[in-house]
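**Student:** One structure, pasted below without further comment.
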Amino acid sequence: MTKPIIQLRHINVDFPHQNNVIHAVKDASLNIDPGDIYGIVGYSGAGKSTLVRVIDRLQKPSSGQVIINGQDVLQFNHRQMRAVRKKIGVIFQHYNLMTSRTILNNVEFPLLDQKLSRKERQQRAHKLLKLVGLDSKSSFYPDQLSGGQKQRVAIARALANQPKILISDEATSALDPRNTQEILHLLKDLSKKFHLTVLLITHEMDAVKAICNKVAFMDAGQIIEHGTLFDVFGKPKHAKTVQFITRNSPLARAVKHLKAKLKKLGSHQKLLLLKYYGTNVNQPLIINLYQKFTVIANVLYGNIEEIQHIPIGHLVVTLNGESDHVQQAEQYCEKLKISVKHLN
C-alpha cells in the first residue's frame with residue numbers, strides 16, 4: 001500500500017482578533033498520496049490557502065501534525081525546513097515575477113544558492129522554459145509577456161529545484177478561460193512527467209474537474225467532504241457540498257426556472273429531478289416508464305457529463321399518470337439506482 005506523501009492530522013489554525021479568536025482551520029485531516037492531483041475547493045474565506053500553507057510551514061498551525069514523507073516537519077529546525085521547502089514548488093495567482101530580471105533569470109533565481117555553475121543553472125532554466133513552451137522568450141522581461149505566459153514562467157521557476165510537491169494557489173484565477181485550460185493541462189502533463197504531487201487550491205469547480213483525481217471541499221475552516229473526484233462531485237453526501245457543486249450551474253438555473261414556471265401541476269403530475277450514473281445513462285428510461293407503467297415522462301431539461309470517465313446524467317421531467325402508477329415508476333427508477341428528487 002502506498003504511503004501518503006503528505007499527512008495533515010487534526011490541523012487547527014487560530015488567529016487572535018481584538019478580544020476574540022478566529023478559527024481559520026478547524027480539526028482538518030487529510031492524506032495525499034504521491035502523484036495525486038488533489039483539489040482543495042471552497043468559497044473565498046473557507047480556509048483553503050491557510051490549510052495548505054501549513055504544509056511548507058509558511059503558516060504555523062495552532063495544533064496538529066504536518067507529516068511529509070513520514071516526518072513531522074513541525075519538529076524541524078530552520079535548516080531542516082529550508083531543505084523541505086526546496087522540494088515544494090509554489091505558484092500564485094499574481095505570478096510574483098521579478099520585473100527587473102529576464103525570464104531566464106527569474107527561472108534561474110531559486111538555484112543561486114545551490115552549488116551549480118552559472119552554465120549549469122542556465123542550462124536547467126532553458127530546459128524548464130522549453131518544457132513550458134517559452135524558451136524562445138528567455139531574454140524577455142515579465143512586462144513583455146501575457147498573463148498566461150507569466151504563469152508558465154512561474155511554473156518553470158517553481159520546478160527549478162526539482163520538487164516532489166507543487167502547490168497551485170488560485171494560479172488560474174486571473175486568467176481567461178483559454179489560458180486557464182492551457183495552464184491546467186500543463187500542470188497535468190508535468191505531474192505525469194515528473195510524478196509530481198499537485199495541490200490545486202481553487203474556488204473554480206471546473207478547474208478541479210479538468211485535472212484532479214481527488215478533492216476536498218472546505219467550508220468555514222472545516223473539511224466537509226473529501227475523496228475521489230467522482231465520490232465528492234458525483235455523489236456528494238453533505239448538503240453544503242451539493243450547494244457548492246450546483247451553484248450557478250446550468251442544472252441549477254434550469255431547475256429554478258422550471259419550478260417557478262410550473263408552480264401549479266395537475267393532480268396526476270410530478271416534477272422530478274432524476275440523476276443516474278455509469279451504464280444507467282444508456283437505459284431507454286422514458287420508453288420503459290410508459291411501457292411498464294403507462295406513465296408519460298415529459299423531459300424538460302437534460303445533460304450528461306463525465307467525471308473520471310464515468311458518465312453522470314441529469315433529467316428534469318414531469319411524470320403524468322395515475323398516482324399509483326407514478327409511484328411504481330419512481331420505485332422502478334430507484335431500483336435501477338437512479339436518484340429521484342421531488343421538485344414540487
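Letters for chains follow the order of the C-alpha cells (A, B, ...), residue numbers begin at 1 for each chain, and ligand numbers begin at 1 in the order shown.
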Which neighbours of region 105-110 of chain A fall inside 12 Å, counting only C-alpha atoms, when residues of the same chain fewer than 4 positions from it are skipped, and could you give them as a PyMOL selection string?
**Tutor:** chain A and resi 85-90+95-101+114-130+132+134-135+137-142+150-163
**Student:** Determine, counting only C-alpha atoms, which protein, DNA and RNA residues have an atom within 8 Å of an atom of region 251-256 of chain A; residues of the same chain fewer than 6 positions away are not included. Present the result as a list in words.
**Tutor:** Tyr301, His314 and Val316 of chain A
**Student:** List every residue of region 8-170 of chain A that DSSP, applied to the backbone of this structure, places in alpha helix (DSSP H), and write the result as a PyMOL selection string.
**Tutor:** chain A and resi 48-53+78-86+103-108+118-131+147-158
**Student:** Output N, CA and C atoms for every residue in the selection just made, as a compact mmCIF listing (two decimals), in the first residue's frame.
**Tutor:**
```
# COMPACT_ATOMS: atom_id res chain seq x y z
N LYS A 48 -8.89 27.47 2.68
CA LYS A 48 -8.13 26.60 1.78
C LYS A 48 -6.63 26.93 1.79
N SER A 49 -6.32 28.19 1.52
CA SER A 49 -4.91 28.60 1.44
C SER A 49 -4.23 28.50 2.80
N THR A 50 -4.97 28.84 3.86
CA THR A 50 -4.39 28.75 5.21
C THR A 50 -4.02 27.31 5.53
N LEU A 51 -4.90 26.38 5.18
CA LEU A 51 -4.60 24.97 5.43
C LEU A 51 -3.36 24.52 4.67
N VAL A 52 -3.30 24.85 3.39
CA VAL A 52 -2.19 24.36 2.57
C VAL A 52 -0.87 25.04 2.95
N ARG A 53 -0.94 26.25 3.45
CA ARG A 53 0.30 26.95 3.84
C ARG A 53 0.98 26.31 5.04
N HIS A 78 15.21 25.35 11.54
CA HIS A 78 15.20 26.23 10.37
C HIS A 78 15.95 25.62 9.20
N ARG A 79 17.11 25.04 9.45
CA ARG A 79 17.92 24.45 8.39
C ARG A 79 17.21 23.27 7.75
N GLN A 80 16.61 22.41 8.56
CA GLN A 80 15.88 21.26 8.03
C GLN A 80 14.67 21.71 7.22
N MET A 81 14.01 22.78 7.67
CA MET A 81 12.82 23.25 6.99
C MET A 81 13.16 23.86 5.63
N ARG A 82 14.32 24.51 5.54
CA ARG A 82 14.75 25.05 4.25
C ARG A 82 14.91 23.92 3.23
N ALA A 83 15.45 22.80 3.66
CA ALA A 83 15.62 21.65 2.76
C ALA A 83 14.28 21.11 2.30
N VAL A 84 13.29 21.10 3.20
CA VAL A 84 11.94 20.64 2.86
C VAL A 84 11.32 21.58 1.83
N ARG A 85 11.47 22.88 2.04
CA ARG A 85 10.84 23.87 1.15
C ARG A 85 11.40 23.82 -0.26
N LYS A 86 12.66 23.41 -0.38
CA LYS A 86 13.25 23.30 -1.71
C LYS A 86 12.56 22.23 -2.55
N ILE A 103 13.28 36.60 -18.17
CA ILE A 103 12.55 35.36 -17.89
C ILE A 103 13.53 34.26 -17.47
N LEU A 104 14.64 34.17 -18.18
CA LEU A 104 15.66 33.16 -17.84
C LEU A 104 16.17 33.38 -16.42
N ASN A 105 16.45 34.63 -16.07
CA ASN A 105 16.97 34.93 -14.73
C ASN A 105 15.95 34.66 -13.64
N ASN A 106 14.66 34.87 -13.95
CA ASN A 106 13.61 34.55 -12.99
C ASN A 106 13.59 33.06 -12.68
N VAL A 107 13.68 32.24 -13.71
CA VAL A 107 13.65 30.78 -13.52
C VAL A 107 14.92 30.30 -12.82
N GLU A 108 16.01 30.97 -13.11
CA GLU A 108 17.31 30.60 -12.56
C GLU A 108 17.44 30.99 -11.08
N ARG A 118 27.23 28.81 -13.25
CA ARG A 118 26.29 29.65 -14.00
C ARG A 118 25.78 28.92 -15.22
N LYS A 119 26.66 28.19 -15.88
CA LYS A 119 26.28 27.44 -17.08
C LYS A 119 25.26 26.36 -16.73
N GLU A 120 25.48 25.65 -15.62
CA GLU A 120 24.55 24.59 -15.20
C GLU A 120 23.18 25.17 -14.83
N ARG A 121 23.21 26.31 -14.13
CA ARG A 121 21.94 26.95 -13.75
C ARG A 121 21.14 27.35 -14.99
N GLN A 122 21.83 27.95 -15.94
CA GLN A 122 21.13 28.43 -17.14
C GLN A 122 20.69 27.29 -18.03
N GLN A 123 21.44 26.21 -18.05
CA GLN A 123 21.02 25.04 -18.81
C GLN A 123 19.71 24.48 -18.26
N ARG A 124 19.64 24.41 -16.91
CA ARG A 124 18.40 23.90 -16.30
C ARG A 124 17.25 24.86 -16.55
N ALA A 125 17.51 26.17 -16.46
CA ALA A 125 16.46 27.16 -16.69
C ALA A 125 15.96 27.10 -18.13
N HIS A 126 16.87 26.97 -19.09
CA HIS A 126 16.47 26.84 -20.50
C HIS A 126 15.61 25.58 -20.70
N LYS A 127 16.02 24.50 -20.07
CA LYS A 127 15.28 23.23 -20.19
C LYS A 127 13.85 23.38 -19.67
N LEU A 128 13.72 24.08 -18.54
CA LEU A 128 12.39 24.27 -17.95
C LEU A 128 11.54 25.21 -18.80
N LEU A 129 12.14 26.26 -19.33
CA LEU A 129 11.40 27.17 -20.21
C LEU A 129 10.93 26.45 -21.48
N LYS A 130 11.78 25.56 -21.97
CA LYS A 130 11.39 24.77 -23.15
C LYS A 130 10.21 23.87 -22.80
N LEU A 131 10.23 23.35 -21.59
CA LEU A 131 9.17 22.46 -21.12
C LEU A 131 7.82 23.17 -21.08
N GLY A 147 -0.56 37.28 -19.51
CA GLY A 147 -0.81 36.65 -18.21
C GLY A 147 -0.54 35.16 -18.22
N GLY A 148 -1.00 34.49 -19.28
CA GLY A 148 -0.77 33.05 -19.37
C GLY A 148 0.70 32.71 -19.48
N GLN A 149 1.46 33.53 -20.22
CA GLN A 149 2.90 33.31 -20.36
C GLN A 149 3.62 33.54 -19.03
N LYS A 150 3.20 34.57 -18.29
CA LYS A 150 3.80 34.83 -16.98
C LYS A 150 3.59 33.64 -16.04
N GLN A 151 2.40 33.05 -16.10
CA GLN A 151 2.14 31.91 -15.23
C GLN A 151 2.97 30.70 -15.63
N ARG A 152 3.25 30.55 -16.92
CA ARG A 152 4.13 29.47 -17.37
C ARG A 152 5.56 29.67 -16.84
N VAL A 153 6.01 30.92 -16.83
CA VAL A 153 7.33 31.22 -16.25
C VAL A 153 7.33 30.88 -14.76
N ALA A 154 6.26 31.24 -14.07
CA ALA A 154 6.15 30.95 -12.64
C ALA A 154 6.20 29.44 -12.39
N ILE A 155 5.57 28.66 -13.26
CA ILE A 155 5.60 27.20 -13.12
C ILE A 155 7.02 26.69 -13.34
N ALA A 156 7.69 27.21 -14.37
CA ALA A 156 9.07 26.79 -14.63
C ALA A 156 9.96 27.10 -13.43
N ARG A 157 9.78 28.29 -12.86
CA ARG A 157 10.57 28.68 -11.68
C ARG A 157 10.27 27.76 -10.49
N ALA A 158 9.00 27.40 -10.32
CA ALA A 158 8.62 26.52 -9.21
C ALA A 158 9.23 25.13 -9.34
```
**Student:** Identify, on the basis of only C-alpha atoms, every residue whose closest approach to Gln283 (chain A) does not exceed 12 Å; exclude the query and any residue fewer than 3 positions from it along the same chain; express the result as a ChimeraX atom specification.
**Tutor:** /A:276-280,286-289,313,333,336-338
**Student:** Grab the residues selected above and save them as a PDB file, in the first residue's frame with N, CA and C atoms.
**Tutor:**
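And here's part.pdb as it stands now:
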```pdb
ATOM      1  N   TYR A 276     -28.511   9.847 -12.681  1.00  0.00           N
ATOM      2  CA  TYR A 276     -28.113   8.461 -12.919  1.00  0.00           C
ATOM      3  C   TYR A 276     -26.656   8.396 -13.351  1.00  0.00           C
ATOM      4  N   TYR A 277     -26.042   7.235 -13.163  1.00  0.00           N
ATOM      5  CA  TYR A 277     -24.597   7.080 -13.322  1.00  0.00           C
ATOM      6  C   TYR A 277     -24.267   5.903 -14.228  1.00  0.00           C
ATOM      7  N   GLY A 278     -23.068   5.961 -14.799  1.00  0.00           N
ATOM      8  CA  GLY A 278     -22.487   4.813 -15.490  1.00  0.00           C
ATOM      9  C   GLY A 278     -23.370   4.247 -16.575  1.00  0.00           C
ATOM     10  N   THR A 279     -23.553   2.919 -16.554  1.00  0.00           N
ATOM     11  CA  THR A 279     -24.304   2.236 -17.617  1.00  0.00           C
ATOM     12  C   THR A 279     -25.781   2.626 -17.622  1.00  0.00           C
ATOM     13  N   ASN A 280     -26.288   3.161 -16.489  1.00  0.00           N
ATOM     14  CA  ASN A 280     -27.696   3.590 -16.456  1.00  0.00           C
ATOM     15  C   ASN A 280     -27.982   4.722 -17.437  1.00  0.00           C
ATOM     16  N   ILE A 286     -37.310   6.589 -20.593  1.00  0.00           N
ATOM     17  CA  ILE A 286     -38.595   7.226 -20.888  1.00  0.00           C
ATOM     18  C   ILE A 286     -39.572   6.218 -21.507  1.00  0.00           C
ATOM     19  N   ILE A 287     -39.057   5.425 -22.444  1.00  0.00           N
ATOM     20  CA  ILE A 287     -39.903   4.407 -23.086  1.00  0.00           C
ATOM     21  C   ILE A 287     -40.330   3.359 -22.074  1.00  0.00           C
ATOM     22  N   ASN A 288     -39.403   2.918 -21.224  1.00  0.00           N
ATOM     23  CA  ASN A 288     -39.716   1.885 -20.227  1.00  0.00           C
ATOM     24  C   ASN A 288     -40.802   2.340 -19.261  1.00  0.00           C
ATOM     25  N   LEU A 289     -40.755   3.603 -18.855  1.00  0.00           N
ATOM     26  CA  LEU A 289     -41.767   4.092 -17.917  1.00  0.00           C
ATOM     27  C   LEU A 289     -43.163   4.042 -18.526  1.00  0.00           C
ATOM     28  N   GLY A 313     -25.718  11.569 -15.590  1.00  0.00           N
ATOM     29  CA  GLY A 313     -26.815  12.219 -16.300  1.00  0.00           C
ATOM     30  C   GLY A 313     -27.820  12.851 -15.364  1.00  0.00           C
ATOM     31  N   CYS A 333     -37.355   3.448 -10.892  1.00  0.00           N
ATOM     32  CA  CYS A 333     -36.135   4.261 -11.074  1.00  0.00           C
ATOM     33  C   CYS A 333     -35.140   4.000  -9.942  1.00  0.00           C
ATOM     34  N   LEU A 336     -33.306   0.848 -10.223  1.00  0.00           N
ATOM     35  CA  LEU A 336     -32.214   0.959 -11.202  1.00  0.00           C
ATOM     36  C   LEU A 336     -31.073   1.839 -10.692  1.00  0.00           C
ATOM     37  N   LYS A 337     -31.155   2.243  -9.413  1.00  0.00           N
ATOM     38  CA  LYS A 337     -30.160   3.122  -8.783  1.00  0.00           C
ATOM     39  C   LYS A 337     -30.109   4.492  -9.458  1.00  0.00           C
ATOM     40  N   ILE A 338     -31.291   4.948  -9.844  1.00  0.00           N
ATOM     41  CA  ILE A 338     -31.452   6.307 -10.356  1.00  0.00           C
ATOM     42  C   ILE A 338     -32.021   7.146  -9.214  1.00  0.00           C
TER      43      ILE A 338
END
```
**Student:** Provide the CA of Gln93 (chain A) to CA of Ser168 (chain A) distance in Å, to one decimal place.
**Tutor:** 8.3 Å
**Student:** I want to know what sits within 10 Å of Pro236 (chain A), based on only C-alpha atoms, with residues of the same chain fewer than 6 positions away left out; could you give that as a PyMOL selection string?
**Tutor:** chain A and resi 225-227+229-230+242-243+245
**Student:** Could you please take those selected residues and save N, CA, C and O atoms as a short mmCIF file (atom, residue, chain, number, x, y, z; two decimals), in the first residue's frame?
**Tutor:**
```cif
data_model
loop_
_atom_site.label_atom_id
_atom_site.label_comp_id
_atom_site.auth_asym_id
_atom_site.auth_seq_id
_atom_site.Cartn_x
_atom_site.Cartn_y
_atom_site.Cartn_z
N GLU A 225 -16.06 17.40 3.21
CA GLU A 225 -16.13 16.14 2.47
C GLU A 225 -14.86 15.99 1.65
O GLU A 225 -14.31 16.96 1.13
N HIS A 226 -14.35 14.77 1.54
CA HIS A 226 -13.17 14.53 0.70
C HIS A 226 -13.20 13.10 0.17
O HIS A 226 -13.84 12.22 0.73
N GLY A 227 -12.51 12.91 -0.94
CA GLY A 227 -12.47 11.58 -1.56
C GLY A 227 -12.10 11.70 -3.02
O GLY A 227 -11.52 12.70 -3.46
N LEU A 229 -12.68 12.32 -7.01
CA LEU A 229 -13.45 13.35 -7.70
C LEU A 229 -14.89 12.89 -7.94
O LEU A 229 -15.85 13.64 -7.74
N PHE A 230 -15.05 11.62 -8.34
CA PHE A 230 -16.39 11.09 -8.61
C PHE A 230 -17.22 11.01 -7.33
O PHE A 230 -18.40 11.37 -7.31
N VAL A 242 -23.29 19.82 -1.91
CA VAL A 242 -24.28 19.87 -3.00
C VAL A 242 -24.52 21.32 -3.42
O VAL A 242 -24.55 21.65 -4.61
N GLN A 243 -24.66 22.20 -2.44
CA GLN A 243 -24.90 23.62 -2.72
C GLN A 243 -23.73 24.22 -3.50
O GLN A 243 -23.93 24.98 -4.46
N ILE A 245 -21.50 22.61 -5.39
CA ILE A 245 -21.39 21.99 -6.72
C ILE A 245 -22.43 22.54 -7.68
O ILE A 245 -22.15 22.76 -8.86
#
```
**Student:** Nearest to Gln328 (chain A): which of A:Ile22, A:Val295, A:Ala260, A:Leu184 is it, counting only C-alpha atoms?
**Tutor:**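 Once distances to Gln328 (chain A) are computed over only C-alpha atoms, the minimum belongs to A:Val295.
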**Student:** I need the strand (DSSP E) residues of region 17-244 of chain A per DSSP on the backbone, written as a ChimeraX atom specification.
**Tutor:** /A:17,20-32,37-41,63-68,71-72,88-92,165-169,197-202,214-219,222-228
**Student:** Residues within 12 Å of Val232 (chain A), please, as JSON, numbers by chain. Count only C-alpha atoms; anything in the same chain fewer than 5 positions from it doesn't count.
**Tutor:** {"A": [39, 40, 41, 205, 208, 209, 212, 213, 214, 215, 216, 217, 218, 223, 224, 225, 226, 227, 237, 238, 239, 240, 241, 242, 244, 245, 307, 308]}
**Student:** Taking only C-alpha atoms into account, name the residue in A:Val21, A:Val198, A:Val73, A:Val54 that is nearest to Gly35 (chain A).
**Tutor:**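 The shortest atom-to-atom distance to Gly35 (chain A) comes from A:Val198.
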